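Participant: What follows is structure.tsv; its format and atoms are TSV, C-alpha atoms.
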chain	number	residue	atom	x	y	z
A	1	MET	CA	137.09	111.85	116.18
A	2	HIS	CA	136.10	108.90	114.00
A	3	PHE	CA	132.91	108.59	116.05
A	4	PHE	CA	131.89	112.14	115.14
A	5	ARG	CA	132.44	111.55	111.43
A	6	GLY	CA	130.15	108.51	111.55
A	7	PHE	CA	127.69	110.38	113.69
A	8	HIS	CA	127.40	113.32	111.29
A	9	SER	CA	127.25	110.94	108.34
A	10	ALA	CA	124.32	109.10	109.91
A	11	GLU	CA	122.59	112.40	110.57
A	12	ARG	CA	123.05	113.54	106.96
A	13	GLU	CA	121.81	110.18	105.71
A	14	ALA	CA	118.71	110.40	107.91
A	15	LYS	CA	117.91	113.86	106.54
A	16	ARG	CA	118.50	112.67	102.96
A	17	ASN	CA	116.24	109.66	103.54
A	18	LYS	CA	113.54	111.93	104.90
A	19	GLN	CA	113.76	114.15	101.81
A	20	ASN	CA	113.66	111.10	99.52
A	21	LEU	CA	110.57	109.83	101.31
A	22	LYS	CA	108.80	113.15	100.79
A	23	LYS	CA	109.72	113.09	97.08
A	24	SER	CA	108.42	109.53	96.77
A	25	LYS	CA	105.13	110.48	98.40
A	26	LYS	CA	104.70	113.43	96.06
A	27	GLU	CA	105.43	111.24	93.04
A	28	MET	CA	102.96	108.59	94.20
A	29	ASP	CA	100.29	111.24	94.74
A	30	ARG	CA	100.93	112.64	91.26
A	31	VAL	CA	100.62	109.22	89.62
A	32	MET	CA	97.39	108.49	91.48
A	33	ARG	CA	95.90	111.85	90.48
A	34	GLU	CA	96.84	111.26	86.84
A	35	MET	CA	95.29	107.78	86.88
A	36	GLN	CA	92.10	109.12	88.49
A	37	ALA	CA	91.95	111.91	85.88
A	38	LYS	CA	92.15	109.33	83.07
A	39	ILE	CA	89.38	107.27	84.65
A	40	ASP	CA	87.22	110.37	85.16
A	41	THR	CA	87.77	111.46	81.55
A	42	ILE	CA	86.77	108.05	80.18
A	43	GLN	CA	83.73	107.98	82.49
A	44	LEU	CA	82.74	111.44	81.25
A	45	ASN	CA	83.05	110.26	77.64
A	46	ILE	CA	80.84	107.27	78.44
A	47	THR	CA	78.22	109.59	79.94
A	48	ARG	CA	78.34	111.87	76.88
A	49	THR	CA	78.02	108.86	74.59
A	50	ASN	CA	74.99	107.66	76.58
A	51	GLU	CA	73.39	111.08	76.16
A	52	LYS	CA	74.03	111.02	72.40
A	53	LEU	CA	72.61	107.48	72.27
A	54	LEU	CA	69.39	108.58	73.97
A	55	GLU	CA	69.12	111.52	71.61
A	56	GLN	CA	69.59	109.31	68.52
A	57	GLN	CA	67.13	106.71	69.84
A	58	GLY	CA	64.59	109.50	70.29
A	59	LEU	CA	65.16	110.63	66.71
A	60	ALA	CA	64.84	107.07	65.40
A	61	ASP	CA	61.57	106.63	67.33
A	62	LYS	CA	60.28	109.99	66.03
A	63	PHE	CA	61.07	109.09	62.40
A	64	THR	CA	59.43	105.67	62.88
A	65	ARG	CA	56.24	107.38	64.10
A	66	TYR	CA	56.35	109.87	61.21
A	67	GLU	CA	56.89	107.04	58.74
A	68	GLU	CA	53.91	105.12	60.12
A	69	SER	CA	51.63	108.16	60.22
A	70	THR	CA	52.23	109.50	56.71
A	71	GLU	CA	50.41	108.27	53.64
A	72	GLN	CA	52.65	109.79	50.97
A	73	PRO	CA	55.26	107.36	49.60
A	74	ASN	CA	58.02	109.94	49.05
A	75	GLU	CA	57.69	111.19	52.66
A	76	LYS	CA	57.59	107.58	53.88
A	77	SER	CA	60.87	106.86	52.13
A	78	ARG	CA	62.42	110.14	53.37
A	79	PHE	CA	61.45	109.30	56.99
A	80	GLN	CA	62.73	105.74	56.51
A	81	MET	CA	66.12	107.09	55.32
A	82	GLN	CA	66.29	109.45	58.31
A	83	LYS	CA	65.39	106.58	60.64
A	84	GLU	CA	68.11	104.40	59.07
A	85	ALA	CA	70.66	107.22	59.43
A	86	ALA	CA	69.71	107.56	63.09
A	87	GLN	CA	69.98	103.78	63.48
A	88	LYS	CA	73.50	103.82	61.94
A	89	GLU	CA	74.48	106.58	64.35
A	90	ILE	CA	73.06	104.50	67.24
A	91	ASN	CA	75.16	101.51	66.15
A	92	LYS	CA	78.25	103.72	65.90
A	93	LEU	CA	77.61	105.20	69.36
A	94	GLU	CA	76.99	101.76	70.90
A	95	LYS	CA	80.34	100.57	69.50
A	96	GLU	CA	82.02	103.71	70.83
A	97	LYS	CA	80.43	103.16	74.26
A	98	TYR	CA	81.54	99.51	74.28
A	99	ASP	CA	85.10	100.55	73.37
A	100	LEU	CA	85.14	103.14	76.16
A	101	GLU	CA	83.76	100.66	78.70
A	102	THR	CA	86.40	98.09	77.77
A	103	GLN	CA	89.06	100.80	77.88
A	104	ILE	CA	88.14	101.92	81.41
A	105	VAL	CA	88.27	98.45	82.99
A	106	PRO	CA	92.08	98.07	82.97
A	107	PHE	CA	92.48	101.64	84.24
A	108	GLN	CA	90.09	100.98	87.12
A	109	GLN	CA	91.79	97.71	87.99
A	110	SER	CA	95.21	99.34	87.88
A	111	TYR	CA	93.96	102.25	89.96
A	112	GLU	CA	92.53	99.93	92.60
A	113	ARG	CA	95.78	97.90	92.74
A	114	MET	CA	97.88	101.06	92.83
A	115	SER	CA	95.63	102.57	95.47
A	116	GLN	CA	96.01	99.51	97.68
A	117	THR	CA	99.75	99.26	97.06
A	118	PHE	CA	100.35	102.97	97.55
A	119	SER	CA	98.24	102.99	100.68
A	120	GLU	CA	100.36	100.21	102.14
A	121	THR	CA	103.51	101.96	100.91
A	122	PHE	CA	102.41	105.29	102.40
A	123	ASP	CA	101.87	103.55	105.71
A	124	ARG	CA	105.35	102.02	105.52
A	125	LEU	CA	106.85	105.37	104.47
A	126	ASP	CA	105.14	107.07	107.40
A	127	ALA	CA	106.57	104.45	109.73
A	128	ILE	CA	110.02	104.92	108.20
A	129	GLU	CA	109.65	108.68	108.45
A	130	ARG	CA	108.73	108.40	112.12
A	131	GLU	CA	111.74	106.12	112.61
A	132	ALA	CA	114.00	108.60	110.79
A	133	SER	CA	112.62	111.40	112.93
A	134	ALA	CA	113.29	109.31	116.04
A	135	LYS	CA	116.82	108.68	114.80
A	136	GLU	CA	117.24	112.39	114.17
A	137	ASN	CA	116.03	113.09	117.70
A	138	GLU	CA	118.39	110.38	118.92
A	139	ALA	CA	121.21	112.03	116.96
A	140	ASP	CA	120.37	115.41	118.54
A	141	LEU	CA	120.33	113.74	121.94
A	142	MET	CA	123.67	112.10	121.21
A	143	LYS	CA	125.11	115.49	120.19
A	144	TYR	CA	123.88	117.04	123.41
A	145	THR	CA	125.13	114.11	125.47
A	146	THR	CA	128.53	114.21	123.77
A	147	ALA	CA	128.79	117.96	124.31
A	148	GLU	CA	127.87	117.53	127.98
A	149	GLU	CA	130.38	114.69	128.35
A	150	GLU	CA	133.12	116.86	126.82
A	151	LYS	CA	132.13	119.74	129.11
A	152	ILE	CA	132.24	117.44	132.15
A	153	GLN	CA	135.57	115.94	131.07
A	154	PHE	CA	136.98	119.45	130.60
A	155	GLU	CA	135.74	120.50	134.04
A	156	LEU	CA	137.09	117.27	135.50
A	157	ALA	CA	140.49	117.86	133.88
A	158	GLU	CA	140.40	121.42	135.22
A	159	ALA	CA	139.52	120.16	138.68
A	160	GLU	CA	142.33	117.56	138.53
A	161	ALA	CA	144.78	120.26	137.44
A	162	LEU	CA	143.69	122.44	140.39
A	163	LEU	CA	144.09	119.50	142.74
A	164	GLU	CA	147.56	118.85	141.39
A	165	LEU	CA	148.47	122.49	141.86
A	166	ARG	CA	147.18	122.41	145.43
A	167	SER	CA	148.96	119.18	146.22
A	168	GLU	CA	152.22	120.61	144.88
A	169	LYS	CA	151.93	123.59	147.22
Could I get this structure in the form of structure tokens?
Facilitator:
Amino acid sequence: MHFFRGFHSAEREAKRNKQNLKKSKKEMDRVMREMQAKIDTIQLNITRTNEKLLEQQGLADKFTRYEESTEQPNEKSRFQMQKEAAQKEINKLEKEKYDLETQIVPFQQSYERMSQTFSETFDRLDAIEREASAKENEADLMKYTTAEEEKIQFELAEAEALLELRSEK
């Protein structure tokens, strides 16, 4: 009977390991999706900042042209102030873009490392899962074999008992 206790214990452990592997895979997938979402968000912010930069550069160029084309001093100074305001906004946006670009680098590096590591881990987990499945199949086979052996031993004992009864007659 001790064999059966160990046998069932191994079977339960194999099923538990299989469940744990599935949970680990789901957790790894979740982490990778979150990391990709952060990278995508930062990339989107960089794109938006680039668009704002282009818009502000266009305004600065427009005010420079207006400043050069006008003859009136008060309009010249007004266009110059607007150009300077646009230039300040450009400087602010360039700093923002630089900050975003430096912020995305560690995320991308981490994502690439995690992707490589998780890929290797997924491969190992798949191999372990296949091994666990094989062990489960082996356990099922052992159950069947044990049941057949018990059936044969019972039939053999029955046959021996019949032989004994016949030999006593």
Participant: So that I can see what lies close to Ile39 in chain A, please list as a ChimeraX atom specification the residues with an atom at most 10 Å from it, counting all atoms listed in the file and leaving out residues fewer than 2 positions away in the same chain.
Facilitator: /A:33-37,41-45,103-108,111
Participant: Mind giving me the axis-aligned box for range 90-99 of chain A with 5 Å on every side, centre plus edges in Å to one decimal, as JSON?
Facilitator:
{"center_x": 79.1, "center_y": 102.4, "center_z": 70.1, "size_x": 22.0, "size_y": 15.7, "size_z": 18.4}
Participant: Distance CA of Met114 in chain A-CA of Met32 in chain A, one decimal place?
Facilitator: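 Taking CA of Met114 in chain A as the start and CA of Met32 in chain A as the end point, the length is 7.6 Å.
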Participant: Between A:Gln19, A:Ser9, A:Gln72, A:Asn91, which residue has the minimum interatomic distance to Ile128 in chain A, considering all atoms listed in the file?
Facilitator: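 Nearest candidate to Ile128 in chain A out of A:Gln19, A:Ser9, A:Gln72, A:Asn91: A:Gln19.
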Participant: I'd like the neighbourhood of Glu68 in chain A as a PyMOL selection string, where a residue qualifies if any of its atoms comes within 10 Å (using only C-alpha atoms), though same-chain residues fewer than 4 positions away should be ignored.
Facilitator: chain A and resi 62-64+76+79-80
Participant: Could the residues in this selection be written to a file with C-alpha atoms, as a PDB file, in the frame of the given file?
Facilitator:
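Output saved as part.pdb:
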ATOM      1  CA  LYS A  62      60.280 109.990  66.030  1.00  0.00           C
ATOM      2  CA  PHE A  63      61.070 109.090  62.400  1.00  0.00           C
ATOM      3  CA  THR A  64      59.430 105.670  62.880  1.00  0.00           C
ATOM      4  CA  LYS A  76      57.590 107.580  53.880  1.00  0.00           C
ATOM      5  CA  PHE A  79      61.450 109.300  56.990  1.00  0.00           C
ATOM      6  CA  GLN A  80      62.730 105.740  56.510  1.00  0.00           C
TER       7      GLN A  80
END
Participant: Do you have the CA of Leu54 in chain A-CA of Ser69 in chain A distance handy?
Facilitator: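 Spanning CA of Leu54 in chain A to CA of Ser69 in chain A is a straight-line distance of 22.5 Å.
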